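One structure is given here, and the rest of the page talks about it.
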Amino acid sequence: MNFGLTEEQQILANVAKRFLDEKATMPKVRDVMESPTGFDSDLWSAMAELGWLGLTIGEDYGGAGLGWVDLAVLLETTGRGLLPSPLVSHSLCATAISEFGSDEQKRRLLPSLADGSSIGTVALVEDGEVLGPAGVELTGIPDGEGFRLSGKKAFVQDAGVATVFVIAFRAPDGVRLGIVTAEGEGVKPHAYQTMDETKRMGDLVLDNAPIAGTDILAAEDGSTALNRLLDLGAVAVTAEMVGAMDRAHEITTQYAKDRTQFGALIGKYQGVKHPLAEIYVDIETSRSLVYYAAWCVTERPEELSVAAARAKAYAGDAFKRLGVDGVQLHGAIGFTAEYDIQLYLKRSKWAFPAFGDPDYHYERVAAELVTAGGGS
Amino acid sequence: MDFTLTKEEEEFRTEVRDFISQHLAPGARKDPTFLANWLKAVREKRWVGFSWPEEYGGGGGGLMEQVILKEEMSKAGAPPLGLCMMGLQWVGPAIIQYGTEEQKAKFLPEILDSKYQWCTGYSEPAVGSDLASLQCKGVRDGDDYVVNGQKIWTSLAAWSKWIILLVRTDFEVEDKHEGITCLLVEMDSPGVEVRPIKNMSGSSHFAEVFFDNVRVPVKNRLGDEGKGWGVTISALANERSGISEIAGLSRDLQELVELAQNTKRNGRPVIEQAAIRRRLARVGTIIEGMRLNGQRYLTKQLRGDPLSSETSVNKLHRAFLAIEMGDLALDIKGSASQYVGSSNGAGGDEFKVPSGALDWPNVVIGGGTPNIQKNIIAERILGLPKD
């Protein structure tokens with residue numbers, strides 16, 4: 001039994017921290033987030049050089065061949081710095097193709113994802129935000145070996161800059177996953193302004209768009225594959241959340257050590273120090289839950305769903321509270337645009353519903369509890 | 001990161017499971033000699049004081065083995081490994097660390113053999129969370145200390161033969177953590193008086209203990225004079241990361257789920273209420289979080305890094321769960337939860353007020369209130385200024 005990082009994982013975290021300190025400082029983050037696309041190709045190239053864009057892609061396909069625990073380490077660290085990049089959606093796209101693609105598909109698609117020349121994302125959810133096969137209404141009408149797709153995917157991360165989309169659609173025989181590209185016929189991505197400018201999202205509209213038979217993934221059971229991708233999305237987002245929480249907590253704790261009121265540092269008062277202690281408990285526990293979920297991805301796939309649900313639910317509540325308390329404990333300065341703590345509040349608002357909010361995930365945990373009991 | 005066990009650990013787990021299936025067969029507990037036989041058998045296995053060094057009669061078990069043993073016993077709902085709870089948890093470890101050879105030779109075997117209970121004399125009427133301000137006085141007089149003062153909230157005092165007692169032997173010190181001395185006192189010494197305190201659930205788990213010119217031989221001092229605070233701290237630090245409680249908490253949660261399935265209110269099974277489902281799920285998630293936190297901290301220890309105050313994390317969770325799980329039982333049951341005892345018919349069943357609903361202060365307040373745990377985290381881990 002060992003619930004700690006390996007030396008290699010520790011190095012990965014340290015390299016990522018240095019990257020944030022040198023190349024993605026908060027002024028840089030603000031520049032990128034205020035740009036029209038919210039995307040910086042120099043940062044993206046630098047991330048590719050570090051091997052991050054193909055972290056979980058097999059070495060045969062140009063990747064680093066690492067696992068989801070390693071990815072969680074990376075996302076926790078990039079989450080600390082609110083690094084604006086499509087890393088989460090890109091990693092999900094790469095994992096979808098790695099897990100459900102044929103060898104031909106992997107050879108064709110993964111190398112360019114690994115070197116960053118393609119930017120990947122996933123388009124799994126639609127308006128109404130039903131997380132799962134029941135929410136897939138986008139229609140695939142058989143057309144030769146492939147389909148013609150019509151409909152709209154919603155809440156697609158990085159829709160404005162992605163070039164490769166893993167998409168869920170409804171074929172006559174059930175849910176399928178396939179791949180479309182941004183420049184494909186009838187494919188129309190739309191990016192929207194978001195409250196958290198470091199996290200861009202949008203729609204993907206498909207208007208009788210052709211998808212070739214060679215671009216269909218997971219022909220066996222699209223619903224199971226879709227559910228797994230949604231679980232992976234929850235794990236990835238939660239790993240980022242843990243990093244963001246850790247940093248927001250650090251910033252606030254430091255402020256409590258610097259700010260004097262009533263003749264004492266405010267961190268001396270229990271009204272300030274106790275919330276900070278409670279949030280520490282929340283972060284520690286979120287971290288334990290999400291790393292276990294990341295470990296389950298390959299080692300205990302049958303436990304992934306409930307492990308991911310626990311992590312996302314718990315961290316969702318925790319970050320919501322920290323987002324508000326972080327600003328509040330700063331007093332008025334906390335809600336100036338100039339102070340970074342407000343950026344973490346916005347991130348907490350983005351992360352809360354992403355891949356399912358706490359109500360949704362706790363319901364999944366409850367269903368599991370009832371089943372496990374085998375009672376009436 | 002790897003949550004699987006090594007071959008040796010798996011073998012040990014199998015050994016424990018085999019022992020359990022052999023000794024806890026269905027119906028075995030009805031035998032009047034069951035408990036005595038159980039205690040004898042686990043003692044022979046050296047699973048009583050399993051973490052203690054072998055030279056003192058313990059099992060010399062490693063951290064992982066301790067966890068496995070506790071997990072399996074807890075899952076099986078097994079009787080305790082030894083009855084002398086405080087002796088096993090902290091008095092024994094403190095004696096191992098600070099005791100004289102004579103003290104070790106006398107007390108350690110008696111603790112391992114469940115000969116009698118120990119109680120713990122720390123809190124005083126004016127001194128609760130601020131323990132270092134204690135006033136109970138010990139004055140050296142020849143080969144004895146003469147003790148005068150009062151302790152309170154002393155769990156098991158009425159049933160204990162010995163008390164581990166903190167007294168102030170020096171009132172002139174600048175730092176109040178100095179000048180405290182730890183004494184081992186026999187409860188039937190002349191001048192010791194125990195007055196049980198009835199608590200809100202109706203039991204008398206704890207008591208006041210009065211000391212009126214009680215003479216304690218110097219040979220029963222644990223550690224150096226004036227250095228009792230260090231003895232106390234090391235004893236409290238002996239508490240583990242709470243892993244052992246997980247299986248029991250999971251069982252309690254499953255009972256709550258079943259209660260919610262079997263209780264109808266507003267014409268529907270309570271388990272269908274979204275708010276109740278969310279609370280149950282959150283409790284389950286926190287139990288799992290505690291298990292995983294415990295494993296993370298255990299890994300740290302196994303790698304040779306001492307823990308600082310991380311155990312306070314799970315203590316805060318434990319306090320929350322104690323209150324929330326007691327409340328859940330009441331909230332699921334509704335007004336029927338108010339009938340005390342098993343014979344009242346409103347629920348038409350054997351429902352009793354769950355002990356947790358009113359007994360949670362034992363868990364929440366004993367060993368440091370939540371506010372104290374938060375101070376510990378804020379000051380020792382986060383480095384915030386002391387208040």
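Every chain in the structure tokens takes a letter, A first, then B, and so on in the order presented; its residues are numbered from 1, and the ligands are numbered from 1 following the presented order.
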
Quiz item: Given a cut-off of 6 Å, which residues of chain A touch chain B, counting only C-alpha atoms, written out as a list in words?
Solution: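 Applying the cut-off to the listed atoms yields Met1, Asn2, Phe3, Gly4, Gly267, Lys268, Lys273, His274, Ala277, Val281, Thr285, Ser288, Leu289, Arg310, Tyr362, Val365 and Ala366 of chain A.
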
Please dump the current selection as a PDB file, in the first residue's frame; keep N, CA and C atoms.
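As written to disk, again.pdb reads:
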ATOM      1  N   MET A   1       0.849  -1.190   0.000  1.00  0.00           N
ATOM      2  CA  MET A   1       0.000   0.000   0.000  1.00  0.00           C
ATOM      3  C   MET A   1       0.884   1.239   0.000  1.00  0.00           C
ATOM      4  N   ASN A   2       0.593   2.123  -0.893  1.00  0.00           N
ATOM      5  CA  ASN A   2       1.400   3.326  -1.003  1.00  0.00           C
ATOM      6  C   ASN A   2       0.522   4.402  -1.608  1.00  0.00           C
ATOM      7  N   PHE A   3       0.226   5.431  -0.845  1.00  0.00           N
ATOM      8  CA  PHE A   3      -0.589   6.531  -1.336  1.00  0.00           C
ATOM      9  C   PHE A   3       0.258   7.791  -1.317  1.00  0.00           C
ATOM     10  N   GLY A   4       1.278   7.779  -2.153  1.00  0.00           N
ATOM     11  CA  GLY A   4       2.133   8.951  -2.254  1.00  0.00           C
ATOM     12  C   GLY A   4       2.633   9.060  -3.673  1.00  0.00           C
ATOM     13  N   GLY A 267      -4.851  36.876  11.078  1.00  0.00           N
ATOM     14  CA  GLY A 267      -4.756  35.421  11.190  1.00  0.00           C
ATOM     15  C   GLY A 267      -4.753  34.929  12.620  1.00  0.00           C
ATOM     16  N   LYS A 268      -4.603  35.849  13.578  1.00  0.00           N
ATOM     17  CA  LYS A 268      -4.657  35.495  14.989  1.00  0.00           C
ATOM     18  C   LYS A 268      -6.097  35.262  15.441  1.00  0.00           C
ATOM     19  N   LYS A 273      -8.935  32.368  11.335  1.00  0.00           N
ATOM     20  CA  LYS A 273      -8.104  31.163  11.249  1.00  0.00           C
ATOM     21  C   LYS A 273      -8.934  29.881  11.159  1.00  0.00           C
ATOM     22  N   HIS A 274     -10.113  29.880  11.767  1.00  0.00           N
ATOM     23  CA  HIS A 274     -10.902  28.648  11.707  1.00  0.00           C
ATOM     24  C   HIS A 274     -11.428  28.319  10.311  1.00  0.00           C
ATOM     25  N   ALA A 277      -8.606  26.821   8.531  1.00  0.00           N
ATOM     26  CA  ALA A 277      -8.334  25.437   8.942  1.00  0.00           C
ATOM     27  C   ALA A 277      -9.356  24.488   8.326  1.00  0.00           C
ATOM     28  N   VAL A 281      -8.800  21.251   5.670  1.00  0.00           N
ATOM     29  CA  VAL A 281      -9.371  19.902   5.775  1.00  0.00           C
ATOM     30  C   VAL A 281     -10.066  19.517   4.464  1.00  0.00           C
ATOM     31  N   THR A 285      -8.848  16.489   1.879  1.00  0.00           N
ATOM     32  CA  THR A 285      -9.779  15.395   1.592  1.00  0.00           C
ATOM     33  C   THR A 285     -10.109  15.334   0.103  1.00  0.00           C
ATOM     34  N   SER A 288      -7.174  13.598  -1.536  1.00  0.00           N
ATOM     35  CA  SER A 288      -7.190  12.141  -1.348  1.00  0.00           C
ATOM     36  C   SER A 288      -8.214  11.501  -2.273  1.00  0.00           C
ATOM     37  N   LEU A 289      -9.404  12.090  -2.335  1.00  0.00           N
ATOM     38  CA  LEU A 289     -10.480  11.494  -3.140  1.00  0.00           C
ATOM     39  C   LEU A 289     -10.138  11.512  -4.620  1.00  0.00           C
ATOM     40  N   ARG A 310     -17.608  10.874  -5.893  1.00  0.00           N
ATOM     41  CA  ARG A 310     -17.273  11.360  -4.548  1.00  0.00           C
ATOM     42  C   ARG A 310     -16.333  12.563  -4.629  1.00  0.00           C
ATOM     43  N   TYR A 362     -23.577  13.494  -5.773  1.00  0.00           N
ATOM     44  CA  TYR A 362     -23.996  12.855  -4.513  1.00  0.00           C
ATOM     45  C   TYR A 362     -25.170  11.916  -4.756  1.00  0.00           C
ATOM     46  N   VAL A 365     -23.688   8.762  -5.728  1.00  0.00           N
ATOM     47  CA  VAL A 365     -23.128   8.064  -4.568  1.00  0.00           C
ATOM     48  C   VAL A 365     -24.252   7.421  -3.754  1.00  0.00           C
ATOM     49  N   ALA A 366     -25.361   8.165  -3.610  1.00  0.00           N
ATOM     50  CA  ALA A 366     -26.499   7.639  -2.846  1.00  0.00           C
ATOM     51  C   ALA A 366     -27.048   6.380  -3.507  1.00  0.00           C
TER      52      ALA A 366
END

Exercise. Could you give me, as a PyMOL selection string, each residue of segment 265-372 of chain B that DSSP assigns to alpha helix (DSSP H) when run on this structure's backbone?
Key: chain B and resi 274-302+311-333+355-365+370-372

Practice problem: Identify, with DSSP run on backbone atoms, the residues in segment 16-156 of chain A assigned to strand (DSSP E or B), and express the list as a count of residues only. | Solution: 21

Quiz item: If we count only C-alpha atoms, what is near segment 129-140 of chain B at a cut-off of 10 Å, once residues fewer than 3 positions away on the same chain are taken out, given as a ChimeraX atom specification?
Solution: /B:121-126,143-151,165-171,175-183,210-211,213-218,225,229,365-369,371-372

Quiz item: Neighbours of Asp252 of chain B within 12 Å (only C-alpha atoms; same-chain residues fewer than 3 positions away dropped), as a ChimeraX atom specification?
Solution: /A:373 /B:74-75,77,245-249,255-259,280,283-284,287,321-322,324-326,328-329,354-356

Next, dump the selected residues to file, keeping only N, CA and C atoms, as a compact mmCIF listing (two decimals), in the first residue's frame.
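Dumped everything to out-v5.txt:
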# COMPACT_ATOMS: atom_id res chain seq x y z
N GLY A 373 -26.29 -1.77 -0.17
CA GLY A 373 -26.98 -2.32 0.99
C GLY A 373 -27.82 -3.53 0.63
N SER B 74 -12.46 -4.64 12.85
CA SER B 74 -13.58 -3.71 12.81
C SER B 74 -14.65 -4.18 11.83
N LYS B 75 -14.21 -4.67 10.66
CA LYS B 75 -15.16 -5.19 9.67
C LYS B 75 -16.00 -6.32 10.24
N GLY B 77 -16.78 -6.70 13.25
CA GLY B 77 -17.45 -6.31 14.48
C GLY B 77 -16.93 -7.10 15.67
N GLU B 245 -11.32 3.19 12.56
CA GLU B 245 -12.75 3.45 12.76
C GLU B 245 -13.56 3.30 11.49
N ILE B 246 -12.88 3.23 10.34
CA ILE B 246 -13.59 3.34 9.07
C ILE B 246 -14.63 2.24 8.89
N ALA B 247 -14.24 1.01 9.15
CA ALA B 247 -15.17 -0.09 8.90
C ALA B 247 -16.42 0.05 9.77
N GLY B 248 -16.22 0.47 11.02
CA GLY B 248 -17.36 0.66 11.91
C GLY B 248 -18.28 1.77 11.42
N LEU B 249 -17.68 2.86 10.96
CA LEU B 249 -18.49 3.95 10.44
C LEU B 249 -19.27 3.52 9.20
N GLU B 255 -26.49 0.99 8.14
CA GLU B 255 -27.70 0.89 8.97
C GLU B 255 -28.61 2.09 8.76
N LEU B 256 -28.01 3.26 8.60
CA LEU B 256 -28.83 4.45 8.35
C LEU B 256 -29.55 4.33 7.01
N VAL B 257 -28.86 3.81 6.00
CA VAL B 257 -29.48 3.63 4.69
C VAL B 257 -30.68 2.68 4.83
N GLU B 258 -30.46 1.59 5.57
CA GLU B 258 -31.56 0.64 5.74
C GLU B 258 -32.72 1.25 6.52
N LEU B 259 -32.39 2.05 7.54
CA LEU B 259 -33.43 2.73 8.29
C LEU B 259 -34.26 3.62 7.36
N LEU B 280 -26.78 11.35 3.25
CA LEU B 280 -26.18 10.01 3.38
C LEU B 280 -24.96 9.88 2.47
N VAL B 283 -22.05 11.79 3.89
CA VAL B 283 -21.44 11.04 4.99
C VAL B 283 -20.55 9.92 4.43
N GLY B 284 -21.08 9.19 3.44
CA GLY B 284 -20.30 8.11 2.85
C GLY B 284 -19.02 8.62 2.20
N ILE B 287 -16.50 9.46 4.94
CA ILE B 287 -15.88 8.25 5.48
C ILE B 287 -14.78 7.77 4.53
N LEU B 321 -19.02 13.72 11.65
CA LEU B 321 -19.80 12.50 11.42
C LEU B 321 -20.56 12.09 12.67
N ALA B 322 -19.94 12.25 13.84
CA ALA B 322 -20.60 11.84 15.07
C ALA B 322 -21.93 12.57 15.21
N GLU B 324 -23.58 14.37 12.73
CA GLU B 324 -24.43 14.22 11.55
C GLU B 324 -25.09 12.85 11.49
N MET B 325 -24.37 11.81 11.85
CA MET B 325 -24.95 10.47 11.75
C MET B 325 -25.99 10.25 12.84
N GLY B 326 -25.76 10.82 14.02
CA GLY B 326 -26.78 10.76 15.06
C GLY B 326 -28.04 11.50 14.62
N LEU B 328 -28.96 12.19 11.56
CA LEU B 328 -29.62 11.54 10.43
C LEU B 328 -30.61 10.49 10.92
N ALA B 329 -30.18 9.73 11.92
CA ALA B 329 -31.09 8.69 12.44
C ALA B 329 -32.38 9.33 12.94
N PRO B 354 -30.81 6.30 18.72
CA PRO B 354 -29.46 5.79 18.50
C PRO B 354 -28.50 6.44 19.50
N SER B 355 -27.62 5.65 20.04
CA SER B 355 -26.73 6.18 21.08
C SER B 355 -25.99 7.40 20.55
N GLY B 356 -25.66 7.39 19.25
CA GLY B 356 -24.91 8.51 18.69
C GLY B 356 -25.62 9.83 18.80

Quiz item: Closest to Glu197 of chain A among A:Gly184, A:Pro84, A:Pro27, A:Gly356, using only C-alpha atoms?
Solution: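 Answer, going by the shortest atom-to-atom distance: A:Pro84.
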